[in-house]
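Data file: entry-v5.tsv. Format and content: TSV, N, CA and C atoms.
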```
chain	number	residue	atom	x	y	z
O	1	MET	N	77.30	-13.50	100.19
O	1	MET	CA	78.03	-14.60	99.63
O	1	MET	C	77.38	-15.00	98.32
O	2	SER	N	78.15	-15.57	97.42
O	2	SER	CA	77.60	-16.00	96.14
O	2	SER	C	76.63	-17.16	96.37
O	3	PHE	N	75.80	-17.44	95.37
O	3	PHE	CA	74.75	-18.44	95.54
O	3	PHE	C	75.31	-19.81	95.92
O	4	ASP	N	76.53	-20.15	95.47
O	4	ASP	CA	77.10	-21.45	95.79
O	4	ASP	C	78.09	-21.42	96.96
O	5	GLY	N	78.27	-20.24	97.56
O	5	GLY	CA	79.16	-20.12	98.72
O	5	GLY	C	80.63	-20.06	98.39
O	6	SER	N	80.99	-20.00	97.12
O	6	SER	CA	82.41	-20.00	96.75
O	6	SER	C	83.07	-18.63	96.84
O	7	GLN	N	82.27	-17.56	96.94
O	7	GLN	CA	82.78	-16.21	97.04
O	7	GLN	C	82.07	-15.51	98.19
O	8	ILE	N	82.85	-14.80	98.99
O	8	ILE	CA	82.31	-14.12	100.16
O	8	ILE	C	82.79	-12.68	100.13
O	9	VAL	N	81.91	-11.75	100.50
O	9	VAL	CA	82.27	-10.34	100.59
O	9	VAL	C	81.79	-9.77	101.92
O	10	GLY	N	82.37	-8.65	102.32
O	10	GLY	CA	81.98	-8.01	103.56
O	10	GLY	C	82.92	-6.87	103.88
O	11	GLN	N	83.18	-6.68	105.17
O	11	GLN	CA	84.04	-5.60	105.64
O	11	GLN	C	84.97	-6.14	106.72
O	12	TYR	N	86.22	-5.70	106.70
O	12	TYR	CA	87.15	-6.10	107.75
O	12	TYR	C	87.86	-4.86	108.27
O	13	THR	N	88.36	-4.96	109.50
O	13	THR	CA	89.03	-3.85	110.16
O	13	THR	C	90.43	-4.27	110.59
O	14	THR	N	91.40	-3.43	110.27
O	14	THR	CA	92.75	-3.62	110.78
O	14	THR	C	93.21	-2.29	111.36
O	15	PRO	N	93.83	-2.31	112.52
O	15	PRO	CA	94.27	-1.05	113.14
O	15	PRO	C	95.20	-0.24	112.25
O	16	ALA	N	96.05	-0.91	111.49
O	16	ALA	CA	97.03	-0.19	110.68
O	16	ALA	C	96.47	0.29	109.34
O	17	ASN	N	95.50	-0.44	108.78
O	17	ASN	CA	95.05	-0.16	107.42
O	17	ASN	C	93.68	0.46	107.29
O	18	GLY	N	92.84	0.39	108.32
O	18	GLY	CA	91.51	0.99	108.24
O	18	GLY	C	90.40	-0.02	108.12
O	19	ILE	N	89.27	0.44	107.60
O	19	ILE	CA	88.06	-0.37	107.49
O	19	ILE	C	87.68	-0.44	106.02
O	20	PHE	N	87.81	-1.64	105.43
O	20	PHE	CA	87.63	-1.79	104.00
O	20	PHE	C	86.79	-2.99	103.64
O	21	ALA	N	86.17	-2.90	102.46
O	21	ALA	CA	85.46	-4.03	101.87
O	21	ALA	C	86.47	-5.10	101.49
O	22	PHE	N	86.01	-6.35	101.53
O	22	PHE	CA	86.85	-7.43	101.07
O	22	PHE	C	86.07	-8.35	100.15
O	23	TYR	N	86.82	-9.09	99.35
O	23	TYR	CA	86.30	-10.15	98.49
O	23	TYR	C	87.16	-11.36	98.78
O	24	TYR	N	86.53	-12.53	98.90
O	24	TYR	CA	87.29	-13.75	99.13
O	24	TYR	C	86.78	-14.86	98.23
O	25	SER	N	87.72	-15.55	97.60
O	25	SER	CA	87.44	-16.80	96.89
O	25	SER	C	88.69	-17.66	97.01
O	26	GLN	N	88.52	-18.95	96.84
O	26	GLN	CA	89.68	-19.84	96.92
O	26	GLN	C	90.69	-19.48	95.83
O	27	GLN	N	90.21	-19.11	94.66
O	27	GLN	CA	91.10	-18.76	93.55
O	27	GLN	C	91.91	-17.49	93.81
O	28	HIS	N	91.26	-16.44	94.35
O	28	HIS	CA	91.91	-15.15	94.53
O	28	HIS	C	92.40	-14.90	95.95
O	29	GLY	N	91.95	-15.69	96.91
O	29	GLY	CA	92.29	-15.45	98.31
O	29	GLY	C	91.54	-14.22	98.81
O	30	LEU	N	92.02	-13.64	99.91
O	30	LEU	CA	91.40	-12.45	100.48
O	30	LEU	C	91.93	-11.21	99.77
O	31	VAL	N	91.02	-10.42	99.21
O	31	VAL	CA	91.38	-9.22	98.46
O	31	VAL	C	90.75	-8.02	99.14
O	32	SER	N	91.57	-7.04	99.53
O	32	SER	CA	91.07	-5.77	100.04
O	32	SER	C	90.67	-4.92	98.85
O	33	LEU	N	89.43	-4.41	98.86
O	33	LEU	CA	88.95	-3.63	97.73
O	33	LEU	C	89.32	-2.16	97.81
O	34	GLY	N	89.74	-1.69	98.98
O	34	GLY	CA	90.12	-0.29	99.13
O	34	GLY	C	88.90	0.61	99.08
O	35	THR	N	89.08	1.84	98.58
O	35	THR	CA	87.99	2.80	98.47
O	35	THR	C	88.00	3.44	97.09
O	36	VAL	N	86.86	3.99	96.71
O	36	VAL	CA	86.76	4.67	95.41
O	36	VAL	C	87.70	5.88	95.38
O	37	SER	N	87.73	6.64	96.48
O	37	SER	CA	88.53	7.87	96.52
O	37	SER	C	90.02	7.62	96.69
O	38	GLY	N	90.38	6.51	97.30
O	38	GLY	CA	91.77	6.25	97.63
O	38	GLY	C	92.23	6.97	98.89
O	39	ILE	N	91.33	7.69	99.55
O	39	ILE	CA	91.66	8.41	100.79
O	39	ILE	C	91.77	7.41	101.93
O	40	ALA	N	92.86	7.45	102.66
O	40	ALA	CA	93.15	6.46	103.70
O	40	ALA	C	92.11	6.41	104.81
O	41	THR	N	91.46	7.53	105.10
O	41	THR	CA	90.48	7.55	106.19
O	41	THR	C	89.06	7.16	105.73
O	42	ASP	N	88.84	7.01	104.42
O	42	ASP	CA	87.54	6.55	103.95
O	42	ASP	C	87.37	5.06	104.27
O	43	GLN	N	86.14	4.61	104.22
O	43	GLN	CA	85.81	3.22	104.48
O	43	GLN	C	85.09	2.64	103.27
O	44	SER	N	84.93	1.33	103.27
O	44	SER	CA	84.10	0.68	102.25
O	44	SER	C	83.49	-0.58	102.84
O	45	PHE	N	82.36	-0.99	102.26
O	45	PHE	CA	81.65	-2.18	102.72
O	45	PHE	C	81.04	-2.87	101.51
O	46	ALA	N	81.37	-4.13	101.31
O	46	ALA	CA	80.80	-4.91	100.21
O	46	ALA	C	79.54	-5.60	100.69
O	47	ASN	N	78.44	-5.42	99.94
O	47	ASN	CA	77.15	-5.98	100.33
O	47	ASN	C	76.73	-7.21	99.54
O	48	GLY	N	77.18	-7.34	98.29
O	48	GLY	CA	76.72	-8.45	97.47
O	48	GLY	C	77.73	-8.83	96.41
O	49	VAL	N	77.67	-10.10	95.98
O	49	VAL	CA	78.59	-10.60	94.96
O	49	VAL	C	77.83	-11.53	94.01
O	50	ALA	N	78.09	-11.35	92.71
O	50	ALA	CA	77.50	-12.19	91.67
O	50	ALA	C	78.41	-13.40	91.41
O	51	SER	N	77.92	-14.34	90.67
O	51	SER	CA	78.70	-15.56	90.36
O	51	SER	C	80.00	-15.26	89.62
O	52	ASN	N	80.03	-14.18	88.84
O	52	ASN	CA	81.23	-13.81	88.10
O	52	ASN	C	82.22	-12.98	88.94
O	53	GLY	N	81.91	-12.78	90.22
O	53	GLY	CA	82.79	-12.01	91.10
O	53	GLY	C	82.48	-10.54	91.19
O	54	MET	N	81.57	-10.03	90.34
O	54	MET	CA	81.21	-8.61	90.43
O	54	MET	C	80.65	-8.34	91.82
O	55	THR	N	81.25	-7.36	92.48
O	55	THR	CA	80.92	-7.04	93.87
O	55	THR	C	80.41	-5.61	93.95
O	56	VAL	N	79.39	-5.40	94.79
O	56	VAL	CA	78.81	-4.06	94.97
O	56	VAL	C	78.72	-3.73	96.45
O	57	GLY	N	78.70	-2.42	96.74
O	57	GLY	CA	78.59	-1.96	98.12
O	57	GLY	C	78.66	-0.45	98.17
O	58	TRP	N	79.29	0.07	99.24
O	58	TRP	CA	79.47	1.52	99.38
O	58	TRP	C	80.90	1.83	99.79
O	59	SER	N	81.29	3.09	99.51
O	59	SER	CA	82.63	3.57	99.82
O	59	SER	C	82.56	5.05	100.14
O	60	GLY	N	83.36	5.50	101.09
O	60	GLY	CA	83.42	6.92	101.42
O	60	GLY	C	83.55	7.15	102.90
O	61	ASP	N	83.09	8.31	103.34
O	61	ASP	CA	83.16	8.71	104.75
O	61	ASP	C	81.73	8.80	105.29
O	62	PRO	N	81.25	7.74	105.96
O	62	PRO	CA	79.86	7.75	106.41
O	62	PRO	C	79.57	8.79	107.50
O	63	PHE	N	80.60	9.35	108.12
O	63	PHE	CA	80.41	10.32	109.20
O	63	PHE	C	80.83	11.72	108.79
O	64	GLY	N	81.12	11.92	107.50
O	64	GLY	CA	81.59	13.23	107.03
O	64	GLY	C	81.06	13.55	105.65
O	65	SER	N	81.90	13.35	104.65
O	65	SER	CA	81.55	13.78	103.29
O	65	SER	C	80.56	12.86	102.58
O	66	GLY	N	80.19	11.74	103.19
O	66	GLY	CA	79.18	10.86	102.61
O	66	GLY	C	79.75	9.66	101.90
O	67	ILE	N	78.84	8.81	101.42
O	67	ILE	CA	79.23	7.56	100.77
O	67	ILE	C	78.66	7.51	99.36
O	68	GLN	N	79.25	6.61	98.56
O	68	GLN	CA	78.76	6.38	97.21
O	68	GLN	C	78.80	4.89	96.91
O	69	ALA	N	77.89	4.45	96.05
O	69	ALA	CA	77.85	3.06	95.64
O	69	ALA	C	79.09	2.74	94.80
O	70	PHE	N	79.59	1.50	94.95
O	70	PHE	CA	80.73	1.07	94.13
O	70	PHE	C	80.46	-0.26	93.46
O	71	VAL	N	81.29	-0.54	92.46
O	71	VAL	CA	81.34	-1.83	91.81
O	71	VAL	C	82.80	-2.24	91.72
O	72	TRP	N	83.06	-3.54	91.83
O	72	TRP	CA	84.41	-4.09	91.72
O	72	TRP	C	84.30	-5.46	91.06
O	73	THR	N	85.28	-5.80	90.26
O	73	THR	CA	85.39	-7.16	89.74
O	73	THR	C	86.84	-7.61	89.90
O	74	PRO	N	87.09	-8.91	89.85
O	74	PRO	CA	88.47	-9.38	89.95
O	74	PRO	C	89.40	-8.80	88.86
O	75	LYS	N	88.83	-8.32	87.74
O	75	LYS	CA	89.64	-7.75	86.67
O	75	LYS	C	89.73	-6.23	86.71
O	76	LEU	N	88.85	-5.56	87.51
O	76	LEU	CA	88.83	-4.10	87.58
O	76	LEU	C	89.08	-3.64	89.01
O	77	THR	N	89.57	-2.43	89.15
O	77	THR	CA	89.69	-1.85	90.49
O	77	THR	C	88.32	-1.36	90.94
O	78	ILE	N	88.20	-1.02	92.21
O	78	ILE	CA	86.96	-0.46	92.74
O	78	ILE	C	86.69	0.86	92.02
O	79	ARG	N	85.43	1.09	91.67
O	79	ARG	CA	85.06	2.32	90.96
O	79	ARG	C	83.65	2.74	91.31
O	80	SER	N	83.34	3.98	91.04
O	80	SER	CA	82.01	4.53	91.28
O	80	SER	C	80.98	3.77	90.46
O	81	LEU	N	79.93	3.28	91.11
O	81	LEU	CA	78.87	2.59	90.39
O	81	LEU	C	78.11	3.56	89.50
O	82	THR	N	77.94	4.79	89.93
O	82	THR	CA	77.27	5.80	89.10
O	82	THR	C	78.01	5.94	87.77
O	83	ARG	N	79.31	6.11	87.82
O	83	ARG	CA	80.10	6.25	86.59
O	83	ARG	C	80.02	4.98	85.74
O	84	TYR	N	80.10	3.83	86.38
O	84	TYR	CA	80.03	2.54	85.68
O	84	TYR	C	78.69	2.42	84.95
O	85	LEU	N	77.59	2.71	85.65
O	85	LEU	CA	76.27	2.60	85.03
O	85	LEU	C	76.09	3.61	83.90
O	86	LYS	N	76.55	4.85	84.10
O	86	LYS	CA	76.46	5.85	83.03
O	86	LYS	C	77.25	5.41	81.81
O	87	ASN	N	78.43	4.81	82.02
O	87	ASN	CA	79.23	4.31	80.91
O	87	ASN	C	78.54	3.16	80.17
O	88	HIS	N	77.58	2.51	80.83
O	88	HIS	CA	76.81	1.44	80.22
O	88	HIS	C	75.41	1.89	79.80
O	89	GLY	N	75.21	3.21	79.67
O	89	GLY	CA	73.99	3.76	79.10
O	89	GLY	C	72.91	4.19	80.07
O	90	ALA	N	73.14	4.10	81.37
O	90	ALA	CA	72.11	4.51	82.34
O	90	ALA	C	71.94	6.02	82.33
O	91	LYS	N	70.71	6.45	82.51
O	91	LYS	CA	70.38	7.88	82.60
O	91	LYS	C	70.09	8.18	84.08
O	92	ILE	N	71.08	8.73	84.78
O	92	ILE	CA	70.94	9.06	86.20
O	92	ILE	C	70.95	10.58	86.31
O	93	PRO	N	69.88	11.18	86.85
O	93	PRO	CA	69.84	12.64	86.97
O	93	PRO	C	71.04	13.17	87.76
O	94	SER	N	71.51	14.34	87.39
O	94	SER	CA	72.71	14.90	88.04
O	94	SER	C	72.49	15.24	89.51
O	95	ASN	N	71.25	15.39	89.95
O	95	ASN	CA	70.99	15.71	91.35
O	95	ASN	C	70.71	14.47	92.21
O	96	ILE	N	70.89	13.28	91.64
O	96	ILE	CA	70.68	12.02	92.35
O	96	ILE	C	72.03	11.36	92.57
O	97	TYR	N	72.28	10.93	93.81
O	97	TYR	CA	73.53	10.26	94.17
O	97	TYR	C	73.22	8.84	94.60
O	98	LEU	N	73.85	7.87	93.97
O	98	LEU	CA	73.68	6.47	94.37
O	98	LEU	C	74.59	6.25	95.57
O	99	THR	N	73.99	6.21	96.77
O	99	THR	CA	74.79	6.14	97.99
O	99	THR	C	75.25	4.73	98.32
O	100	THR	N	74.45	3.74	97.98
O	100	THR	CA	74.88	2.37	98.25
O	100	THR	C	74.23	1.41	97.28
O	101	ALA	N	74.93	0.33	97.01
O	101	ALA	CA	74.37	-0.81	96.29
O	101	ALA	C	74.18	-1.90	97.34
O	102	LEU	N	72.94	-2.34	97.50
O	102	LEU	CA	72.61	-3.29	98.56
O	102	LEU	C	72.81	-4.74	98.15
O	103	ASP	N	72.61	-5.05	96.87
O	103	ASP	CA	72.74	-6.44	96.43
O	103	ASP	C	72.84	-6.49	94.92
O	104	ILE	N	73.29	-7.65	94.44
O	104	ILE	CA	73.41	-7.92	93.01
O	104	ILE	C	72.90	-9.33	92.77
O	105	SER	N	72.23	-9.55	91.64
O	105	SER	CA	71.71	-10.87	91.34
O	105	SER	C	72.85	-11.84	91.06
O	106	ALA	N	72.58	-13.13	91.16
O	106	ALA	CA	73.60	-14.15	90.95
O	106	ALA	C	74.23	-14.05	89.57
O	107	ASP	N	73.42	-13.69	88.55
O	107	ASP	CA	73.98	-13.58	87.20
O	107	ASP	C	74.57	-12.21	86.90
O	108	GLY	N	74.53	-11.29	87.87
O	108	GLY	CA	75.14	-9.97	87.71
O	108	GLY	C	74.33	-9.00	86.88
O	109	SER	N	73.11	-9.36	86.50
O	109	SER	CA	72.33	-8.51	85.60
O	109	SER	C	71.49	-7.46	86.31
O	110	THR	N	71.29	-7.58	87.62
O	110	THR	CA	70.43	-6.65	88.34
O	110	THR	C	71.09	-6.22	89.64
O	111	ILE	N	71.12	-4.91	89.86
O	111	ILE	CA	71.68	-4.34	91.08
O	111	ILE	C	70.62	-3.45	91.71
O	112	VAL	N	70.49	-3.50	93.04
O	112	VAL	CA	69.54	-2.65	93.76
O	112	VAL	C	70.29	-1.85	94.81
O	113	GLY	N	69.73	-0.68	95.17
O	113	GLY	CA	70.39	0.14	96.17
O	113	GLY	C	69.55	1.31	96.62
O	114	VAL	N	70.22	2.29	97.21
O	114	VAL	CA	69.59	3.48	97.76
O	114	VAL	C	70.20	4.71	97.11
O	115	TRP	N	69.35	5.69	96.77
O	115	TRP	CA	69.80	6.99	96.25
O	115	TRP	C	69.48	8.06	97.27
O	116	GLN	N	70.14	9.21	97.09
O	116	GLN	CA	69.86	10.39	97.92
O	116	GLN	C	70.03	11.62	97.05
O	117	ASP	N	69.24	12.69	97.35
O	117	ASP	CA	69.41	13.94	96.63
O	117	ASP	C	69.99	15.00	97.57
O	118	ALA	N	70.20	16.20	97.06
O	118	ALA	CA	70.82	17.27	97.85
O	118	ALA	C	69.97	17.69	99.05
O	119	ASN	N	68.67	17.41	99.02
O	119	ASN	CA	67.78	17.74	100.13
O	119	ASN	C	67.63	16.58	101.12
O	120	LEU	N	68.47	15.57	100.97
O	120	LEU	CA	68.50	14.39	101.83
O	120	LEU	C	67.27	13.49	101.69
O	121	HIS	N	66.52	13.65	100.59
O	121	HIS	CA	65.46	12.70	100.29
O	121	HIS	C	66.12	11.41	99.82
O	122	GLN	N	65.54	10.28	100.17
O	122	GLN	CA	66.11	9.00	99.80
O	122	GLN	C	65.06	8.11	99.15
O	123	GLY	N	65.53	7.16	98.40
O	123	GLY	CA	64.63	6.18	97.78
O	123	GLY	C	65.43	5.00	97.28
O	124	GLY	N	64.72	4.03	96.78
O	124	GLY	CA	65.36	2.84	96.23
O	124	GLY	C	65.55	2.94	94.73
O	125	TRP	N	66.52	2.23	94.20
O	125	TRP	CA	66.73	2.19	92.76
O	125	TRP	C	67.05	0.75	92.36
O	126	ILE	N	66.84	0.47	91.10
O	126	ILE	CA	67.18	-0.82	90.52
O	126	ILE	C	67.79	-0.58	89.14
O	127	ALA	N	68.84	-1.31	88.84
O	127	ALA	CA	69.50	-1.20	87.53
O	127	ALA	C	69.57	-2.58	86.90
O	128	HIS	N	69.19	-2.66	85.63
O	128	HIS	CA	69.28	-3.91	84.87
O	128	HIS	C	70.39	-3.73	83.83
O	129	LEU	N	71.39	-4.58	83.89
O	129	LEU	CA	72.52	-4.52	82.96
O	129	LEU	C	72.32	-5.54	81.83
O	130	ASN	N	72.75	-5.18	80.64
O	130	ASN	CA	72.67	-6.12	79.51
O	130	ASN	C	73.89	-7.00	79.50
```

In structure tokens, what does this structure look like?
Amino acid sequence: MSFDGSQIVGQYTTPANGIFAFYYSQQHGLVSLGTVSGIATDQSFANGVASNGMTVGWSGDPFGSGIQAFVWTPKLTIRSLTRYLKNHGAKIPSNIYLTTALDISADGSTIVGVWQDANLHQGGWIAHLN
């Protein structure tokens, strides 16, 4: 939830629609974030939200093809956080996959998460946005 409690994120399940991340605010109501891939059987989970509504989490198939970190804002659709960070100047090695974003600072300037490589090694990462 945001620092003032006005925005809430998480995951909800509906038998007809699947398991997806959500964003809620009084202004926008309940918003389903969908998935990065758009595949109906993929899932997503929102872990953190900044004061400006920027939301982070993971999206994909946790029991099959794997998951990836995502970013969403009320003005943008859900998208790959790796692509978003690279578009903002981040240097992420091609053999490193950002699997999840665990949290985002209240001002939206810092995101933390978990990476994985092709050998299933894992570690933590932190990104500072300007």

Revision key, fill the gap. Atom CA of O:Ser6 to atom N of O:Gln26 measures 6.2 Å

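Nearest residue to O:Val36 among O:Ile78, O:Val49, O:Ala21, O:Val71 is O:Ile78, counting only C-alpha atoms.
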
Check your understanding: Counting only C-alpha atoms, what is within 12 Å of O:His121, bar same-chain residues fewer than 2 positions away, as a ChimeraX atom specification?
Key -> /O:95-99,114-119,123-124

Exercise for review: Find the residue from O:Leu30, O:Gly10, O:Ser105, O:Phe70 that sits nearest to O:Ala50; use only N, CA and C atoms when measuring.
Suggested key: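 Distance minimum relative to O:Ala50 lands on O:Ser105.
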
Check your understanding: For O:Thr100, which of O:Leu129, O:Val31, O:Val56, O:Leu85 is the closest residue, counting only N, CA and C atoms?
Key -> O:Val56

Around stretch 112-121 of chain O, fit a box with edges along x, y and z, padding it by 3 Å on each side, then list its centre and edge lengths in Å to one decimal as lines of an AutoDock Vina configuration file.
```
center_x = 68.1
center_y = 7.1
center_z = 97.4
size_x = 11.4
size_y = 27.2
size_z = 14.8
```

**Study point:** Minimum-distance residue to O:Met1, chosen among O:Pro74, O:Gly29, O:Gly34, O:Gly48 (using all atoms listed in the file)
**Key:**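 Comparing O:Pro74, O:Gly29, O:Gly34, O:Gly48 against O:Met1, the winner is O:Gly48.
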